[in-house]
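Source file query07.cif; content: mmCIF, C-alpha atoms.
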```cif
data_coords
loop_
_atom_site.group_PDB
_atom_site.id
_atom_site.type_symbol
_atom_site.label_atom_id
_atom_site.label_comp_id
_atom_site.auth_asym_id
_atom_site.auth_seq_id
_atom_site.Cartn_x
_atom_site.Cartn_y
_atom_site.Cartn_z
ATOM 1 C CA MET B 1 -22.895 74.529 6.221
ATOM 2 C CA THR B 2 -23.712 71.385 8.094
ATOM 3 C CA THR B 3 -22.614 68.041 6.921
ATOM 4 C CA THR B 4 -25.041 65.317 7.618
ATOM 5 C CA VAL B 5 -23.526 61.893 8.102
ATOM 6 C CA LEU B 6 -25.902 59.291 6.808
ATOM 7 C CA PRO B 7 -25.973 56.044 8.680
ATOM 8 C CA ASP B 8 -24.452 53.090 6.927
ATOM 9 C CA THR B 9 -27.486 51.311 5.633
ATOM 10 C CA ALA B 10 -25.604 48.849 3.444
ATOM 11 C CA PRO B 11 -26.549 45.313 4.269
ATOM 12 C CA PRO B 12 -23.904 43.365 6.135
ATOM 13 C CA PRO B 13 -21.872 41.056 3.969
ATOM 14 C CA ALA B 14 -23.250 37.594 3.736
ATOM 15 C CA GLU B 15 -21.511 35.195 6.044
ATOM 16 C CA GLU B 16 -19.229 32.940 4.119
ATOM 17 C CA ALA B 17 -20.145 29.324 4.190
ATOM 18 C CA ALA B 18 -17.821 27.281 6.307
ATOM 19 C CA PRO B 19 -15.564 25.138 4.188
ATOM 20 C CA ALA B 20 -16.255 21.456 4.174
ATOM 21 C CA GLY B 21 -14.273 19.445 6.667
ATOM 22 C CA ARG B 22 -11.157 17.667 5.496
ATOM 23 C CA LEU B 23 -12.673 14.243 6.063
ATOM 24 C CA ARG B 24 -15.853 15.133 4.203
ATOM 25 C CA LEU B 25 -13.851 16.477 1.275
ATOM 26 C CA VAL B 26 -11.738 13.327 1.098
ATOM 27 C CA LEU B 27 -14.820 11.093 1.265
ATOM 28 C CA THR B 28 -16.499 13.142 -1.468
ATOM 29 C CA ARG B 29 -13.496 12.769 -3.737
ATOM 30 C CA LEU B 30 -13.295 9.044 -3.039
ATOM 31 C CA ALA B 31 -16.987 8.581 -3.761
ATOM 32 C CA ALA B 32 -16.593 10.428 -7.064
ATOM 33 C CA ALA B 33 -13.665 8.248 -8.159
ATOM 34 C CA ARG B 34 -15.062 5.080 -9.677
ATOM 35 C CA GLY B 35 -11.656 3.438 -9.853
ATOM 36 C CA VAL B 36 -11.243 3.666 -6.079
ATOM 37 C CA LEU B 37 -14.634 2.118 -5.455
ATOM 38 C CA VAL B 38 -13.989 -0.708 -7.897
ATOM 39 C CA GLY B 39 -10.520 -1.334 -6.450
ATOM 40 C CA ALA B 40 -11.769 -1.228 -2.854
ATOM 41 C CA VAL B 41 -14.599 -3.672 -3.610
ATOM 42 C CA ILE B 42 -12.197 -6.077 -5.314
ATOM 43 C CA VAL B 43 -9.709 -5.893 -2.418
ATOM 44 C CA LEU B 44 -12.510 -6.477 0.099
ATOM 45 C CA LEU B 45 -13.818 -9.473 -1.861
ATOM 46 C CA LEU B 46 -10.327 -10.938 -2.105
ATOM 47 C CA PHE B 47 -9.824 -10.590 1.641
ATOM 48 C CA LEU B 48 -13.170 -12.272 2.264
ATOM 49 C CA LEU B 49 -12.221 -15.060 -0.132
ATOM 50 C CA ALA B 50 -8.836 -15.504 1.543
ATOM 51 C CA PHE B 51 -10.133 -15.730 5.105
ATOM 52 C CA LEU B 52 -13.583 -17.255 4.575
ATOM 53 C CA GLY B 53 -12.718 -19.469 1.610
ATOM 54 C CA PRO B 54 -11.206 -22.305 3.706
ATOM 55 C CA TYR B 55 -14.582 -22.680 5.450
ATOM 56 C CA LEU B 56 -16.429 -23.016 2.135
ATOM 57 C CA THR B 57 -14.756 -26.270 1.117
ATOM 58 C CA PRO B 58 -14.486 -29.595 2.969
ATOM 59 C CA TRP B 59 -10.996 -30.170 1.576
ATOM 60 C CA ASP B 60 -7.793 -29.276 3.395
ATOM 61 C CA TYR B 61 -5.049 -27.536 1.434
ATOM 62 C CA ALA B 62 -2.315 -29.897 2.694
ATOM 63 C CA THR B 63 -4.155 -33.238 2.587
ATOM 64 C CA PRO B 64 -3.463 -35.297 -0.555
ATOM 65 C CA ASN B 65 -6.036 -37.543 -2.215
ATOM 66 C CA TYR B 66 -4.258 -40.071 -4.401
ATOM 67 C CA THR B 67 -7.517 -41.246 -5.945
ATOM 68 C CA ALA B 68 -8.164 -37.812 -7.519
ATOM 69 C CA ILE B 69 -4.969 -36.733 -9.247
ATOM 70 C CA ARG B 70 -5.026 -33.783 -11.667
ATOM 71 C CA ARG B 71 -8.794 -33.728 -11.870
ATOM 72 C CA PRO B 72 -10.204 -30.752 -13.811
ATOM 73 C CA PRO B 73 -12.530 -28.253 -12.094
ATOM 74 C CA SER B 74 -15.815 -29.874 -11.121
ATOM 75 C CA ALA B 75 -18.633 -29.622 -8.601
ATOM 76 C CA GLU B 76 -16.554 -31.678 -6.158
ATOM 77 C CA HIS B 77 -13.259 -29.839 -6.665
ATOM 78 C CA TRP B 78 -14.064 -26.286 -7.791
ATOM 79 C CA PHE B 79 -10.555 -25.507 -9.039
ATOM 80 C CA GLY B 80 -9.552 -29.106 -9.737
ATOM 81 C CA THR B 81 -6.735 -31.054 -8.054
ATOM 82 C CA ASN B 82 -2.951 -31.093 -8.418
ATOM 83 C CA GLY B 83 -0.421 -33.853 -9.006
ATOM 84 C CA ILE B 84 -0.938 -35.504 -5.601
ATOM 85 C CA GLY B 85 -4.670 -34.927 -5.355
ATOM 86 C CA GLN B 86 -4.682 -31.765 -3.212
ATOM 87 C CA ASP B 87 -7.660 -29.471 -3.769
ATOM 88 C CA VAL B 88 -6.512 -26.467 -5.801
ATOM 89 C CA PHE B 89 -9.262 -24.178 -4.463
ATOM 90 C CA ALA B 90 -8.221 -24.878 -0.850
ATOM 91 C CA GLN B 91 -4.593 -24.301 -1.788
ATOM 92 C CA THR B 92 -5.352 -21.110 -3.712
ATOM 93 C CA VAL B 93 -7.323 -19.460 -0.911
ATOM 94 C CA ARG B 94 -4.651 -20.518 1.581
ATOM 95 C CA GLY B 95 -1.932 -19.080 -0.667
ATOM 96 C CA LEU B 96 -3.910 -15.865 -1.136
ATOM 97 C CA GLN B 97 -4.331 -15.556 2.623
ATOM 98 C CA LYS B 98 -0.624 -16.041 3.261
ATOM 99 C CA SER B 99 0.409 -13.567 0.548
ATOM 100 C CA LEU B 100 -2.013 -10.908 1.812
ATOM 101 C CA VAL B 101 -0.838 -11.263 5.413
ATOM 102 C CA ILE B 102 2.797 -11.007 4.319
ATOM 103 C CA GLY B 103 2.023 -7.953 2.167
ATOM 104 C CA LEU B 104 0.207 -6.160 5.004
ATOM 105 C CA LEU B 105 2.927 -6.878 7.563
ATOM 106 C CA VAL B 106 5.706 -5.801 5.205
ATOM 107 C CA ALA B 107 3.852 -2.567 4.393
ATOM 108 C CA LEU B 108 3.251 -1.839 8.086
ATOM 109 C CA PHE B 109 6.849 -2.558 9.110
ATOM 110 C CA SER B 110 8.488 -0.637 6.259
ATOM 111 C CA THR B 111 6.135 2.368 6.586
ATOM 112 C CA VAL B 112 6.733 2.705 10.337
ATOM 113 C CA LEU B 113 10.500 2.362 9.883
ATOM 114 C CA ALA B 114 10.613 4.844 6.993
ATOM 115 C CA SER B 115 8.499 7.429 8.814
ATOM 116 C CA LEU B 116 10.617 7.318 11.982
ATOM 117 C CA VAL B 117 13.974 7.395 10.191
ATOM 118 C CA GLY B 118 12.935 10.111 7.740
ATOM 119 C CA ALA B 119 11.283 12.308 10.365
ATOM 120 C CA CYS B 120 14.224 12.028 12.781
ATOM 121 C CA ALA B 121 16.751 12.794 10.030
ATOM 122 C CA GLY B 122 14.809 15.840 8.838
ATOM 123 C CA TYR B 123 13.956 17.224 12.269
ATOM 124 C CA PHE B 124 17.263 16.794 14.117
ATOM 125 C CA GLY B 125 19.553 17.518 11.159
ATOM 126 C CA GLY B 126 23.312 17.691 11.722
ATOM 127 C CA TRP B 127 25.125 14.446 12.504
ATOM 128 C CA ALA B 128 21.872 12.522 12.994
ATOM 129 C CA ASP B 129 20.784 13.461 9.476
ATOM 130 C CA ARG B 130 24.160 12.508 8.020
ATOM 131 C CA VAL B 131 24.305 9.140 9.779
ATOM 132 C CA LEU B 132 20.717 8.167 8.927
ATOM 133 C CA MET B 133 20.999 9.237 5.294
ATOM 134 C CA PHE B 134 24.303 7.362 4.979
ATOM 135 C CA LEU B 135 22.460 4.271 6.228
ATOM 136 C CA VAL B 136 19.687 4.865 3.691
ATOM 137 C CA ASP B 137 22.180 5.267 0.837
ATOM 138 C CA LEU B 138 24.042 2.160 1.961
ATOM 139 C CA MET B 139 20.837 0.103 1.979
ATOM 140 C CA LEU B 140 19.950 1.386 -1.477
ATOM 141 C CA ILE B 141 23.272 0.131 -2.854
ATOM 142 C CA PHE B 142 22.763 -3.436 -1.636
ATOM 143 C CA PRO B 143 21.087 -5.816 -4.137
ATOM 144 C CA SER B 144 18.068 -6.717 -2.026
ATOM 145 C CA PHE B 145 16.928 -9.718 -4.075
ATOM 146 C CA LEU B 146 20.376 -11.320 -3.882
ATOM 147 C CA ILE B 147 20.737 -10.697 -0.148
ATOM 148 C CA ILE B 148 17.292 -12.139 0.622
ATOM 149 C CA ALA B 149 18.075 -15.145 -1.568
ATOM 150 C CA ILE B 150 21.299 -15.756 0.385
ATOM 151 C CA VAL B 151 19.948 -15.121 3.885
ATOM 152 C CA SER B 152 16.479 -16.716 3.688
ATOM 153 C CA PRO B 153 17.693 -20.364 3.466
ATOM 154 C CA LYS B 154 19.621 -19.833 6.720
ATOM 155 C CA LEU B 155 16.402 -18.690 8.410
ATOM 156 C CA ARG B 156 14.449 -21.747 7.318
ATOM 157 C CA GLY B 157 13.657 -22.846 10.862
ATOM 158 C CA THR B 158 12.454 -19.438 12.041
ATOM 159 C CA GLY B 159 9.215 -19.384 10.008
ATOM 160 C CA TRP B 160 7.782 -16.901 7.546
ATOM 161 C CA LEU B 161 7.928 -13.944 9.950
ATOM 162 C CA ALA B 162 11.680 -13.741 9.384
ATOM 163 C CA PHE B 163 10.924 -13.540 5.674
ATOM 164 C CA VAL B 164 8.587 -10.607 6.396
ATOM 165 C CA LEU B 165 11.369 -8.808 8.268
ATOM 166 C CA LEU B 166 13.766 -9.363 5.371
ATOM 167 C CA LEU B 167 11.306 -7.923 2.874
ATOM 168 C CA GLY B 168 10.544 -4.978 5.153
ATOM 169 C CA LEU B 169 14.228 -4.163 5.697
ATOM 170 C CA PHE B 170 14.752 -3.551 1.986
ATOM 171 C CA ASN B 171 11.540 -1.685 1.274
ATOM 172 C CA TRP B 172 11.654 1.583 3.218
ATOM 173 C CA MET B 173 14.572 3.709 1.994
ATOM 174 C CA ILE B 174 12.901 5.757 -0.757
ATOM 175 C CA THR B 175 9.951 6.547 1.526
ATOM 176 C CA ALA B 176 12.351 7.665 4.272
ATOM 177 C CA ARG B 177 13.996 10.142 1.886
ATOM 178 C CA VAL B 178 10.618 11.639 0.954
ATOM 179 C CA ILE B 179 9.583 11.924 4.626
ATOM 180 C CA ARG B 180 12.897 13.641 5.406
ATOM 181 C CA SER B 181 12.341 16.300 2.740
ATOM 182 C CA MET B 182 8.793 16.886 3.956
ATOM 183 C CA THR B 183 10.017 17.172 7.561
ATOM 184 C CA LEU B 184 12.607 19.782 6.582
ATOM 185 C CA SER B 185 9.745 21.968 5.404
ATOM 186 C CA LEU B 186 7.390 21.203 8.290
ATOM 187 C CA LYS B 187 9.858 21.939 11.077
ATOM 188 C CA GLU B 188 9.944 25.600 10.021
ATOM 189 C CA ARG B 189 6.166 25.970 10.392
ATOM 190 C CA GLU B 190 4.660 28.061 13.175
ATOM 191 C CA PHE B 191 2.982 25.230 15.074
ATOM 192 C CA VAL B 192 6.265 23.315 15.333
ATOM 193 C CA ARG B 193 8.114 26.454 16.476
ATOM 194 C CA ALA B 194 5.422 27.128 19.048
ATOM 195 C CA ALA B 195 5.716 23.580 20.415
ATOM 196 C CA GLU B 196 9.500 24.010 20.707
ATOM 197 C CA PHE B 197 9.107 27.319 22.588
ATOM 198 C CA MET B 198 6.680 25.603 24.972
ATOM 199 C CA GLY B 199 9.337 23.032 25.816
ATOM 200 C CA VAL B 200 7.755 20.017 24.130
ATOM 201 C CA LYS B 201 10.266 17.193 23.743
ATOM 202 C CA PRO B 202 11.573 16.516 20.211
ATOM 203 C CA PHE B 203 10.193 12.986 19.872
ATOM 204 C CA ARG B 204 6.799 14.179 21.044
ATOM 205 C CA ILE B 205 6.894 16.917 18.392
ATOM 206 C CA ILE B 206 7.729 14.301 15.758
ATOM 207 C CA LEU B 207 4.876 12.027 16.836
ATOM 208 C CA ARG B 208 2.283 14.732 17.495
ATOM 209 C CA HIS B 209 3.066 17.372 14.857
ATOM 210 C CA ILE B 210 5.359 16.066 12.109
ATOM 211 C CA LEU B 211 4.033 12.587 11.335
ATOM 212 C CA PRO B 212 0.313 13.533 11.384
ATOM 213 C CA ASN B 213 1.041 16.167 8.740
ATOM 214 C CA VAL B 214 2.650 13.619 6.417
ATOM 215 C CA SER B 215 0.017 10.957 7.078
ATOM 216 C CA SER B 216 -1.579 11.474 3.656
ATOM 217 C CA PHE B 217 1.620 10.449 1.927
ATOM 218 C CA LEU B 218 2.165 7.560 4.353
ATOM 219 C CA ILE B 219 -1.310 6.168 3.694
ATOM 220 C CA ILE B 220 -0.773 6.277 -0.063
ATOM 221 C CA ASP B 221 2.699 4.789 0.202
ATOM 222 C CA ALA B 222 1.550 1.975 2.510
ATOM 223 C CA THR B 223 -1.300 1.115 0.156
ATOM 224 C CA ILE B 224 1.018 0.800 -2.826
ATOM 225 C CA THR B 225 3.623 -1.036 -0.735
ATOM 226 C CA VAL B 226 1.109 -3.804 0.000
ATOM 227 C CA GLY B 227 0.829 -4.608 -3.702
ATOM 228 C CA GLY B 228 4.595 -4.388 -4.178
ATOM 229 C CA ALA B 229 5.244 -6.646 -1.184
ATOM 230 C CA VAL B 230 2.797 -9.266 -2.467
ATOM 231 C CA MET B 231 4.582 -9.220 -5.839
ATOM 232 C CA SER B 232 7.995 -9.485 -4.144
ATOM 233 C CA GLU B 233 6.817 -12.382 -1.989
ATOM 234 C CA ALA B 234 5.403 -14.161 -5.033
ATOM 235 C CA ALA B 235 8.650 -13.673 -6.973
ATOM 236 C CA LEU B 236 10.890 -14.880 -4.138
ATOM 237 C CA SER B 237 8.612 -17.827 -3.327
ATOM 238 C CA TYR B 238 8.553 -18.675 -7.021
ATOM 239 C CA PHE B 239 12.333 -19.133 -6.902
ATOM 240 C CA GLY B 240 12.170 -21.043 -3.621
ATOM 241 C CA PHE B 241 13.337 -18.286 -1.260
ATOM 242 C CA GLY B 242 10.059 -17.448 0.473
ATOM 243 C CA VAL B 243 7.288 -19.522 2.040
ATOM 244 C CA ARG B 244 8.311 -23.121 2.681
ATOM 245 C CA ALA B 245 6.334 -26.345 2.257
ATOM 246 C CA PRO B 246 3.958 -27.614 3.516
ATOM 247 C CA ASP B 247 2.643 -24.056 3.674
ATOM 248 C CA VAL B 248 1.741 -22.356 0.411
ATOM 249 C CA SER B 249 1.522 -18.864 -1.039
ATOM 250 C CA LEU B 250 0.613 -17.518 -4.439
ATOM 251 C CA GLY B 251 4.282 -17.618 -5.387
ATOM 252 C CA THR B 252 4.733 -21.292 -4.489
ATOM 253 C CA LEU B 253 1.523 -22.189 -6.344
ATOM 254 C CA LEU B 254 2.752 -20.372 -9.455
ATOM 255 C CA ALA B 255 6.105 -22.149 -9.213
ATOM 256 C CA ALA B 256 4.454 -25.543 -8.804
ATOM 257 C CA GLY B 257 2.009 -25.009 -11.668
ATOM 258 C CA THR B 258 4.297 -23.415 -14.251
ATOM 259 C CA GLY B 259 5.499 -26.666 -15.795
ATOM 260 C CA ASP B 260 1.989 -28.130 -16.046
ATOM 261 C CA ALA B 261 0.255 -24.943 -17.214
ATOM 262 C CA PRO B 262 -0.001 -25.901 -20.914
ATOM 263 C CA VAL B 263 -1.644 -29.257 -20.129
ATOM 264 C CA PHE B 264 -3.328 -28.585 -16.771
ATOM 265 C CA PRO B 265 -4.022 -24.840 -16.816
ATOM 266 C CA TRP B 266 -6.047 -24.804 -13.587
ATOM 267 C CA LEU B 267 -2.837 -25.482 -11.639
ATOM 268 C CA PHE B 268 -1.421 -22.103 -12.689
ATOM 269 C CA TYR B 269 -4.010 -19.638 -13.925
ATOM 270 C CA PHE B 270 -6.267 -19.401 -10.852
ATOM 271 C CA ALA B 271 -3.366 -18.289 -8.626
ATOM 272 C CA ALA B 272 -1.992 -16.017 -11.361
ATOM 273 C CA ALA B 273 -5.396 -14.380 -11.898
ATOM 274 C CA LEU B 274 -5.834 -13.640 -8.184
ATOM 275 C CA LEU B 275 -2.338 -12.162 -7.956
ATOM 276 C CA VAL B 276 -2.843 -9.871 -10.964
ATOM 277 C CA LEU B 277 -6.334 -8.888 -9.791
ATOM 278 C CA PHE B 278 -5.119 -7.947 -6.325
ATOM 279 C CA VAL B 279 -2.189 -5.854 -7.574
ATOM 280 C CA LEU B 280 -4.397 -3.987 -10.060
ATOM 281 C CA ALA B 281 -7.040 -3.311 -7.402
ATOM 282 C CA VAL B 282 -4.446 -2.016 -4.920
ATOM 283 C CA ASN B 283 -3.016 0.305 -7.571
ATOM 284 C CA LEU B 284 -6.509 1.675 -8.279
ATOM 285 C CA VAL B 285 -7.032 2.350 -4.570
ATOM 286 C CA GLY B 286 -3.584 3.945 -4.251
ATOM 287 C CA ASP B 287 -4.153 6.277 -7.222
ATOM 288 C CA GLY B 288 -7.536 7.309 -5.852
ATOM 289 C CA LEU B 289 -6.155 7.974 -2.377
ATOM 290 C CA ARG B 290 -3.384 10.084 -3.891
ATOM 291 C CA ASP B 291 -5.922 12.292 -5.677
ATOM 292 C CA ALA B 292 -8.322 12.428 -2.717
ATOM 293 C CA LEU B 293 -5.709 13.322 -0.115
ATOM 294 C CA ASP B 294 -3.866 15.834 -2.305
ATOM 295 C CA PRO B 295 -4.989 19.336 -1.252
ATOM 296 C CA THR B 296 -4.275 20.656 -4.769
ATOM 297 C CA ALA B 297 -6.193 17.907 -6.569
ATOM 298 C CA GLU B 298 -9.134 20.196 -7.300
ATOM 299 C CA ALA B 299 -6.982 23.155 -8.205
ATOM 300 C CA GLY B 300 -6.776 22.348 -11.886
ATOM 301 C CA ARG B 301 -10.471 21.817 -12.499
ATOM 302 C CA PRO B 302 -11.717 25.409 -12.267
ATOM 303 C CA ALA B 303 -8.816 26.574 -14.376
ATOM 304 C CA ARG B 304 -9.643 24.069 -17.071
ATOM 305 C CA ALA B 305 -13.317 25.017 -16.919
ATOM 306 C CA THR B 306 -12.494 28.706 -17.093
ATOM 307 C CA GLY B 307 -10.197 28.147 -20.023
ATOM 308 C CA THR B 308 -12.878 26.219 -21.869
ATOM 309 C CA ALA B 309 -15.450 28.948 -21.250
ATOM 310 C CA THR B 310 -13.007 31.621 -22.442
ATOM 311 C CA ARG B 311 -12.333 29.777 -25.664
ATOM 312 C CA ARG B 312 -16.066 29.456 -26.305
ATOM 313 C CA LEU B 313 -16.575 33.190 -25.782
ATOM 314 C CA ARG B 314 -13.741 33.969 -28.189
ATOM 315 C CA ARG B 315 -15.309 31.802 -30.846
ATOM 316 C CA ARG B 316 -18.638 33.614 -30.443
ATOM 317 C CA ASN B 317 -17.117 37.113 -30.263
ATOM 318 C CA PRO B 318 -13.994 37.225 -32.429
#
```
Encoded form using structure tokens:
Amino acid sequence: MTTTVLPDTAPPPAEEAAPAGRLRLVLTRLAAARGVLVGAVIVLLLFLLAFLGPYLTPWDYATPNYTAIRRPPSAEHWFGTNGIGQDVFAQTVRGLQKSLVIGLLVALFSTVLASLVGACAGYFGGWADRVLMFLVDLMLIFPSFLIIAIVSPKLRGTGWLAFVLLLGLFNWMITARVIRSMTLSLKEREFVRAAEFMGVKPFRIILRHILPNVSSFLIIDATITVGGAVMSEAALSYFGFGVRAPDVSLGTLLAAGTGDAPVFPWLFYFAAALLVLFVLAVNLVGDGLRDALDPTAEAGRPARATGTATRRLRRRNP
């Protein structure tokens, strides 16, 4: 008896569609999140107002006009004038510009410092980890607001960049701890082990393999840190520990207009509205980036849809 072997005539399996690129997936998620778009548009408009606003008005933020004292908003002075005749619109856009620059620099400085300290502590381990984490714990114990309030008057002649460094020095510790825990997991991955076997230097591994794989968290953290730094600057400047006259920031404008707010509200509420609007917009962008850059963000949706469909079938077929 002969056995005939039939040729395999089954059609070849359909080629699986290539998954969408990481960048395309992130952009798709961002486009679908209305909060991110609204927040990004508001942040962009505020930046344009801060840096183009001084060119829209003929008035200088520091020049007083004693013939126009505490004038209400008008066609000549859009936001009115203050107690010595300075244009409130020119001062507000200047204060917004200064606060945004301080917030960006603080976020950049603290994010870079946190990523380097956390990655080095997690990758090297041993005594380096113990020393760096002791430094982090020590910085967390210090009352940052009190220290900045004590030190900043002694740096009065050094300008506002010293104030940025002070804010950045007390704004990185929690992020460094998170980066350390992520590095402890990443350094056991195959691509890091392969780089070590090939003789790649440790700092090159940190810069080329560790930090790029935690960049999603760093982007989110830096975005939220900008809003927090602007709020910290406003609070410290409000109490006289931040930006010094004749320069202005949103905090100094709020401090100057608080006493006159019930009678002359334009001296306080324009700066307060811009501060609140910026912080809310940054938080919207940060929440959207967190969802877009999280690889498990879509994981719950099919499960919820499947659960809903199952419940419907059970109702129809008890």
Selection result for the PyMOL selection byres ((chain B and resi 104-106) around 12) on this file, as a PDB file with C-alpha atoms, in the coordinates of the input:
```pdb
ATOM      1  CA  PHE B  47      -9.824 -10.590   1.641  1.00  0.00           C
ATOM      2  CA  GLN B  97      -4.331 -15.556   2.623  1.00  0.00           C
ATOM      3  CA  LYS B  98      -0.624 -16.041   3.261  1.00  0.00           C
ATOM      4  CA  SER B  99       0.409 -13.567   0.548  1.00  0.00           C
ATOM      5  CA  LEU B 100      -2.013 -10.908   1.812  1.00  0.00           C
ATOM      6  CA  VAL B 101      -0.838 -11.263   5.413  1.00  0.00           C
ATOM      7  CA  ILE B 102       2.797 -11.007   4.319  1.00  0.00           C
ATOM      8  CA  GLY B 103       2.023  -7.953   2.167  1.00  0.00           C
ATOM      9  CA  ALA B 107       3.852  -2.567   4.393  1.00  0.00           C
ATOM     10  CA  LEU B 108       3.251  -1.839   8.086  1.00  0.00           C
ATOM     11  CA  PHE B 109       6.849  -2.558   9.110  1.00  0.00           C
ATOM     12  CA  SER B 110       8.488  -0.637   6.259  1.00  0.00           C
ATOM     13  CA  THR B 111       6.135   2.368   6.586  1.00  0.00           C
ATOM     14  CA  VAL B 112       6.733   2.705  10.337  1.00  0.00           C
ATOM     15  CA  LEU B 113      10.500   2.362   9.883  1.00  0.00           C
ATOM     16  CA  ALA B 114      10.613   4.844   6.993  1.00  0.00           C
ATOM     17  CA  TRP B 160       7.782 -16.901   7.546  1.00  0.00           C
ATOM     18  CA  LEU B 161       7.928 -13.944   9.950  1.00  0.00           C
ATOM     19  CA  ALA B 162      11.680 -13.741   9.384  1.00  0.00           C
ATOM     20  CA  PHE B 163      10.924 -13.540   5.674  1.00  0.00           C
ATOM     21  CA  VAL B 164       8.587 -10.607   6.396  1.00  0.00           C
ATOM     22  CA  LEU B 165      11.369  -8.808   8.268  1.00  0.00           C
ATOM     23  CA  LEU B 166      13.766  -9.363   5.371  1.00  0.00           C
ATOM     24  CA  LEU B 167      11.306  -7.923   2.874  1.00  0.00           C
ATOM     25  CA  GLY B 168      10.544  -4.978   5.153  1.00  0.00           C
ATOM     26  CA  LEU B 169      14.228  -4.163   5.697  1.00  0.00           C
ATOM     27  CA  PHE B 170      14.752  -3.551   1.986  1.00  0.00           C
ATOM     28  CA  ASN B 171      11.540  -1.685   1.274  1.00  0.00           C
ATOM     29  CA  TRP B 172      11.654   1.583   3.218  1.00  0.00           C
ATOM     30  CA  ALA B 222       1.550   1.975   2.510  1.00  0.00           C
ATOM     31  CA  THR B 223      -1.300   1.115   0.156  1.00  0.00           C
ATOM     32  CA  ILE B 224       1.018   0.800  -2.826  1.00  0.00           C
ATOM     33  CA  THR B 225       3.623  -1.036  -0.735  1.00  0.00           C
ATOM     34  CA  VAL B 226       1.109  -3.804   0.000  1.00  0.00           C
ATOM     35  CA  GLY B 227       0.829  -4.608  -3.702  1.00  0.00           C
ATOM     36  CA  GLY B 228       4.595  -4.388  -4.178  1.00  0.00           C
ATOM     37  CA  ALA B 229       5.244  -6.646  -1.184  1.00  0.00           C
ATOM     38  CA  VAL B 230       2.797  -9.266  -2.467  1.00  0.00           C
ATOM     39  CA  MET B 231       4.582  -9.220  -5.839  1.00  0.00           C
ATOM     40  CA  SER B 232       7.995  -9.485  -4.144  1.00  0.00           C
ATOM     41  CA  GLU B 233       6.817 -12.382  -1.989  1.00  0.00           C
ATOM     42  CA  VAL B 282      -4.446  -2.016  -4.920  1.00  0.00           C
TER      43      VAL B 282
END
```
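Take CA of Ser74 in chain B and CA of Leu250 in chain B: the distance between them is 21.6 Å.
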| message | As a check of understanding, name the residues that the PyMOL selection byres ((chain B and resi 81) around 8) selects in the supplied structure, as a ChimeraX atom specification. | response | /B:68-73,77,79-80,82-88,267
| message | Here's the selection I'm unsure about, the PyMOL selection byres ((chain B and resi 269) around 12); applied to the file above, which residues does it give, as a PyMOL selection string? | response | chain B and resi 79-80+88-89+92+250+253-268+270-277
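Atom pair CA of Ser216 in chain B / CA of Asp129 in chain B: separated by 23.2 Å.
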| query | Mind pulling up the distance from CA of Asn283 in chain B to CA of Gln91 in chain B? | reply | 25.3 Å
| query | If you count all atoms listed in the file, which residues fall within 8 Å of range 175-183 of chain B, apart from same-chain ones fewer than 4 positions away, as an NGL selection string? | reply | :B and (111 or 113-123 or 133 or 136 or 187 or 210 or 214 or 221)
Coordinates of box centre and edge lengths for range 95-101 of chain B, 8 Å on every side, axis-aligned, as JSON:
```
{"center_x": -2.0, "center_y": -15.0, "center_z": 2.1, "size_x": 20.7, "size_y": 24.2, "size_z": 22.5}
```
| query | If you count all atoms listed in the file, which residues fall within 9 Å of Gly242 in chain B, apart from same-chain ones fewer than 4 positions away, as number ranges by chain? | reply | B: 148-149, 152-153, 160, 163, 233-238, 249, 251-252
| message | Here is a test: counting all atoms listed in the file, which residue of B:Ile220, B:Ala128, B:Ala195, B:Val248 is nearest to Leu284 in chain B? | response |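 Selected residue with least distance to Leu284 in chain B: B:Ile220.
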| field | Among listed residues B:Lys201, B:Phe217, B:Met173, B:Val41, nearest Leu138 in chain B (using all atoms listed in the file) | value |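 Nearest candidate to Leu138 in chain B out of B:Lys201, B:Phe217, B:Met173, B:Val41: B:Met173.
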